[in-house]
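Beneath this line is the structure, given in structure tokens, with notes to follow.
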Amino acid sequence: MSEDAILKLENVKKYFELKQGILSFRQPSLYVKAVDDVSFSIDKGKIFGLVGESGCGKTTIGRCISRLETITDGKIEFMGRDISGLQKKELKQFRSNMQMIFQDPYESLNPRLTVFQSVADPLTVHESGQSQGERKDAVFKALMDAGMKTPEEMIDRYPHELSGGQRQRVAIARALVVNPKFIIADEPVSMLDVSIRAGVMNLMLDLKEKYKISYVFVTHDVAIARYMSDDLGVMYLGDMVETSETDDVIMNPVHPYTRALLAAVPIPDPDYEWEDVPIAGDIPSPINLPKGCRFHPRCMYAMDICKEKLPERVEVSDGHFVNCFFAEELYASPVKTPKELGLGSLSPEYMEGELEEGEILSGQDGE
Amino acid sequence: MLLDVKNLTVNFTIKDGMVHAVENVSLQLDEGETLGLVGESGCGKTTLGYAITQLLPDNARIIGGKVMFKGKDILTPSIKKNGSLEGYQAEIRSLRWNEISMIFQGAMNAFNPVYTIGDQIDEAIRIHKDVTKEESLERIKELYDLVGIPSDRINNYPHEYSGGMRQRAMIAMALVHNPSLIIADEPTTALDVIMQRRILSEMNKIQKKFDTAMVIITHDVSVVANTADKIAVMYAGMIMEQGKIGDVFKRTSNPYTEALFAGFPNLRGERKELMSIPGDPPSLVNPPSGCHFHPRCRYAKSICQEQDPPIQQMETGQLSQCHFAKELQAGTLRREVR
């Protein structure tokens with residue numbers, strides 16, 4: 001990733017302290033390491049897809065970038081400036097360049113405000129100093145940009161009078177009205193119906209082309225992330241396990257977690273044969289993370305070193321970063337099994353194929 | 001034939017009038033078969049599932065049609081004069097859990113939080129079968145083994161289970177009496193993708209082993225693409241197209257099915273531009289005249305607005321409710337400019 005980076009994260013950490021009641025001073029504090037040592041950058045006019053399962057910290061990163069959360073450690077640079085020190089006026093300026101779109105368009109719009117009021121609100125907050133006429137033009141333009149062909153029919157409606165797709169378009173218009181350079185979209189289409197979803201995704205792609213807006217696109221759906229993003233980051237329990245160009249990650253996944261995640265994604269093609277999903281167990285609690293690599297208890301390739309040390313970031317090819325001790329080996333031989341690679345001495349048994357053939361439940365007679 | 005739904009029509013009476021939730025729907029299912037019932041929210045897919053198991057709310061009215069299960073009409077005896085369902089009918093009660101089970105949407109809330117999961121499964125077992133507490137516990141252990149939950153978790157409360165475990169417990173409960181039919185309403189929607197795959201694989205295996213038929217109700221086409229034998233695509237209360245999964249995917253004969261598939265991103269293969277469907281799904285209180293999909297259909301002609309589309313049998317075997325099904329399948333249907 002080049003010098004044109006609009007956003008840069010360096011070793012960003014965000015820990016949440018757990019409150020443990022009045023006797024908590026007696027015990028050492030517990031932390032949820034929601035984001036742990038994450039680095040990546042986003043170029044101007046590009047979309048960075050952030051994928052992972054629930055609780056992996058992808059939303060927290062979005063909130064840190066927009067300074068809705070203060071980071072515990074590390075550095076976030078936006079347009080060349082460290083955002084952690086921004087004060088009132090600068091913060092406002094920063095936020096007018098950095099807008100958010102949230103998951104639930106039913107909750108992110110104030111039910112008491114009309115569409116016009118909702119979309120015009122950021123102009124008031126950011127004291128744009130426009131006349132009434134200019135504001136109206138700006139709101140209309142934003143609504144048109146968000147795909148509302150006839151804004152004059154929309155502006156006096158309240159959110160409950162709109163469909164889900166229309167609401168999300170209003171939320172997008174509200175983000176666009178201040179001409180942001182960057183948008184954080186947190187699961188923006190996951191509440192929308194399939195027939196509407198594609199329209200909203202294509203709209204966001206059009207806006208990227210038209211205004212060179214960059215996005216962080218947070219989603220749990222890898223197929224959607226692939227469609228939307230130029231670069232992809234895969235997260236697991238606060239750790240960014242793999243980043244690269246989107247199709248590089250999809251076609252040549254290296255990290256064992258990425259491989260399992262991709263293998264589990266259902267494919268809308270009846271001829272597609274399911275691959276095995278090489279992963280064991282469940283996501284552990286983020287409070288007491290396993291020592292060493294946090295994926296090792298579920299990893300098919302795990303060796304002794306994995307439970308002792310945290311893996312470093314390895315660049316396996318240009319711009320393709322993987323957090324794994326065996327990244328080079330895995331990259332070099334993408335289809336070899338752990339055994340063939342001589343790895344996986346710690347490997348746990350995983351769940352696929354658990355039901356043995358011919359194993360029949362007893363107690364069935366007498367029905 | 002295990003399940004034969006014939007011309008089923010279900011309405012809801014609400015303040016604003018009637019919601020036409022399911023309109024003249026017919027579908028068939030054989031033993032051991034899996035049907036994927038797909039559609040967007042509010043298309044009537046869950047109502048259809050609930051009508052089969054007679055779990056509809058009080059304001060639902062069955063206007064017409066039959067549900068035949070193993071050759072016997074299970075719906076008619078329960079219908080009251082006004083079309084609503086008589087609660088606690090003996091016929092359906094003896095079938096529920098024994099012959100037909102349900103896996104509910106959002107296993108998060110499907111269990112009662114103040115009883116242990118073991119107690120709740122125990123209840124389902126002993127209500128239908130005269131067994132001792134110990135025998136029932138044995139059965140629960142077997143089932144837990146089958147779905148992959150450690151048996152020392154039987155006496156936990158629902159909040160002590162993870163989402164995936166709750167969904168598995170739900171599946172275990174659906175299996176207590178080895179039913180012939182399981183209706184699974186969005187069984188994996190609330191789960192992460194790895195857990196989703198596991199649950200789907202487990203359901204598939206269990207189904208094969210016990211020759212259980214299943215209806216999977218979902219909005220996610222990719223979930224049924226690899227798990228179902230047949231697919232029925234619903235839109236605005238109607239089944240637009242149904243047939244063998246390969247036929248419907250590859251020899252699509254309905255514009256809605258085509259548009260739905262074209263709006264789905266694929267992790268594999270080329271990155272294709274997704275097609276969106278203009279407009280929004282219609283209100284089912286006042287559905288559009290003629291074909292319900294015509295206001296959003298890119299092929300719609302004036303006949304689509306004026307006349308209800310016939311259900312056409314295609315050469316490939318599937319059924320399509322569209323005036324131009326044959327032309328669409330043959331690739332000779334032209335888009336209308338609007």
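Each chain of the structure tokens is named A, B, ... in the order shown, its residues numbered from 1; ligands are numbered from 1 in display order.
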> Tell me, which residues of range 107-346 of chain A carry DSSP helix (DSSP H, G or I), written as a VMD selection string?
Replying inline: chain A and resid 115 to 125 132 to 145 151 to 154 159 to 161 164 to 176 194 to 211 222 to 228 246 to 251 256 to 264 296 to 298 304 to 307 327 to 332 338 to 341
Taking a cut-off of 7 Å and counting only C-alpha atoms, can you build a table that, for each residue of chain A near chain B, reports the nearest atom pair and how far apart they are in Å (one decimal), sorted by chain then residue number, as a tab-separated table?
residue	atom	partner	partner_atom	distance
A:Glu53	CA	B:Asp192	CA	5.8
A:Ser54	CA	B:Asp192	CA	6.8
A:Asp193	CA	B:Glu40	CA	5.9
A:Val194	CA	B:Gly263	CA	6.6
A:Ser195	CA	B:Ile277	CA	5.3
A:Ile196	CA	B:Ser276	CA	6.3
A:Ala198	CA	B:Ser276	CA	4.9
A:Gly199	CA	B:Ser276	CA	4.8
A:Ala223	CA	B:Leu267	CA	4.6
A:Ile224	CA	B:Pro265	CA	6.0
A:Arg226	CA	B:Leu267	CA	6.7
A:Tyr227	CA	B:Pro265	CA	6.5
A:Leu261	CA	B:Ile194	CA	6.3
A:Ala264	CA	B:Ile194	CA	5.3
A:Val265	CA	B:Val193	CA	6.2
A:Pro266	CA	B:Ser222	CA	5.4
A:Ile267	CA	B:Ser222	CA	5.1
A:Pro268	CA	B:Ser222	CA	3.8
A:Asp269	CA	B:Ala225	CA	5.6
A:Pro270	CA	B:Ala225	CA	4.7
A:Leu355	CA	B:Leu146	CA	7.0
A:Leu361	CA	B:Glu142	CA	6.9
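Atom to atom, CA of Gly80 in chain A and CA of Ser128 in chain A stand 23.6 Å apart.
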> Which parts of range 256-320 of chain A does DSSP call strand (DSSP E) when run on the backbone here, written out as a ChimeraX atom specification?
Replying inline: /A:313-317,320
>> With only C-alpha atoms as the counted atoms, please give the residues lying no more than 10 Å from Ile283 in chain A, apart from itself and same-chain residues fewer than 2 positions off, as number ranges by chain.
In response: A: 53-56, 236-237, 280-281, 285-286, 294-295, 297-298; B: 162, 195
So that I have them on file, write out the residues from the current selection with N, CA, C and O atoms, as a JSON list (two decimals), in the first residue's frame.
[["chain", "number", "residue", "atom", "x", "y", "z"],
["A", 53, "GLU", "N", -15.92, -12.98, 12.21],
["A", 53, "GLU", "CA", -17.15, -13.42, 12.85],
["A", 53, "GLU", "C", -17.51, -12.46, 13.98],
["A", 53, "GLU", "O", -16.73, -11.58, 14.33],
["A", 54, "SER", "N", -18.69, -12.66, 14.57],
["A", 54, "SER", "CA", -19.11, -11.72, 15.61],
["A", 54, "SER", "C", -18.10, -11.74, 16.76],
["A", 54, "SER", "O", -17.57, -12.78, 17.13],
["A", 55, "GLY", "N", -17.83, -10.55, 17.29],
["A", 55, "GLY", "CA", -16.90, -10.45, 18.41],
["A", 55, "GLY", "C", -15.44, -10.40, 18.01],
["A", 55, "GLY", "O", -14.57, -10.45, 18.88],
["A", 56, "CYS", "N", -15.15, -10.28, 16.72],
["A", 56, "CYS", "CA", -13.74, -10.30, 16.32],
["A", 56, "CYS", "C", -13.10, -8.92, 16.42],
["A", 56, "CYS", "O", -11.90, -8.78, 16.26],
["A", 236, "TYR", "N", -9.66, -12.07, 13.63],
["A", 236, "TYR", "CA", -10.06, -13.14, 14.53],
["A", 236, "TYR", "C", -9.72, -12.73, 15.95],
["A", 236, "TYR", "O", -8.54, -12.47, 16.24],
["A", 237, "LEU", "N", -10.69, -12.58, 16.80],
["A", 237, "LEU", "CA", -10.49, -12.21, 18.20],
["A", 237, "LEU", "C", -9.55, -11.03, 18.39],
["A", 237, "LEU", "O", -8.60, -11.10, 19.17],
["A", 280, "ALA", "N", -11.40, -26.37, 14.53],
["A", 280, "ALA", "CA", -11.96, -27.10, 15.66],
["A", 280, "ALA", "C", -12.68, -26.14, 16.60],
["A", 280, "ALA", "O", -12.39, -24.96, 16.63],
["A", 281, "GLY", "N", -13.61, -26.67, 17.34],
["A", 281, "GLY", "CA", -14.19, -25.96, 18.47],
["A", 281, "GLY", "C", -14.91, -24.67, 18.14],
["A", 281, "GLY", "O", -15.27, -24.41, 17.00],
["A", 285, "SER", "N", -13.98, -17.24, 24.71],
["A", 285, "SER", "CA", -14.33, -15.95, 25.28],
["A", 285, "SER", "C", -13.18, -14.98, 25.08],
["A", 285, "SER", "O", -12.02, -15.33, 25.23],
["A", 286, "PRO", "N", -13.47, -13.74, 24.72],
["A", 286, "PRO", "CA", -12.39, -12.78, 24.48],
["A", 286, "PRO", "C", -11.75, -12.28, 25.77],
["A", 286, "PRO", "O", -10.78, -11.53, 25.73],
["A", 294, "ARG", "N", -3.69, -16.61, 19.24],
["A", 294, "ARG", "CA", -5.01, -16.84, 19.82],
["A", 294, "ARG", "C", -5.85, -17.82, 19.01],
["A", 294, "ARG", "O", -6.89, -18.24, 19.44],
["A", 295, "PHE", "N", -5.34, -18.19, 17.87],
["A", 295, "PHE", "CA", -6.08, -19.17, 17.07],
["A", 295, "PHE", "C", -5.60, -20.60, 17.33],
["A", 295, "PHE", "O", -6.24, -21.56, 16.92],
["A", 297, "PRO", "N", -5.74, -22.93, 19.62],
["A", 297, "PRO", "CA", -6.54, -24.07, 20.09],
["A", 297, "PRO", "C", -7.47, -24.64, 19.02],
["A", 297, "PRO", "O", -7.97, -25.75, 19.17],
["A", 298, "ARG", "N", -7.69, -23.89, 17.95],
["A", 298, "ARG", "CA", -8.61, -24.38, 16.91],
["A", 298, "ARG", "C", -7.87, -24.69, 15.62],
["A", 298, "ARG", "O", -8.50, -25.06, 14.63],
["B", 162, "SER", "N", -23.78, -21.16, 24.03],
["B", 162, "SER", "CA", -23.48, -20.21, 22.95],
["B", 162, "SER", "C", -24.59, -20.32, 21.91],
["B", 162, "SER", "O", -25.40, -21.25, 21.94],
["B", 195, "MET", "N", -20.06, -21.73, 12.08],
["B", 195, "MET", "CA", -21.07, -22.47, 12.83],
["B", 195, "MET", "C", -22.24, -22.84, 11.91],
["B", 195, "MET", "O", -22.79, -23.94, 11.99]]
>> Set the distance at 9 Å and use only C-alpha atoms: which residues neighbour range 19-31 of chain B once local chain neighbours fewer than 6 positions away are removed? I'd like the list as a ChimeraX atom specification.
In response: /B:1-13,42-45,47-48,64-65,180-181,211-215,230,232,236-239,242,283-287
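Taking CA of Lys208 in chain A and CA of Arg95 in chain A as the two end points, the separation is 18.3 Å.
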>> At a cut-off of 9 Å, using only C-alpha atoms, what residues contact range 321-325 of chain B? Leave out same-chain residues fewer than 2 positions from it and give the result as a list in words.
In response: Met238, Ile239, Met240, Glu241, Thr252, Ser253, Asn254, Pro255, Cys291, Tyr299, Ile303, Cys304, Gln307, Asp308, Pro309, Pro310, Ile311, Gln312, Gln313, Met314, Leu319, Glu327, Leu328, Gln329, Ala330 and Leu333 of chain B
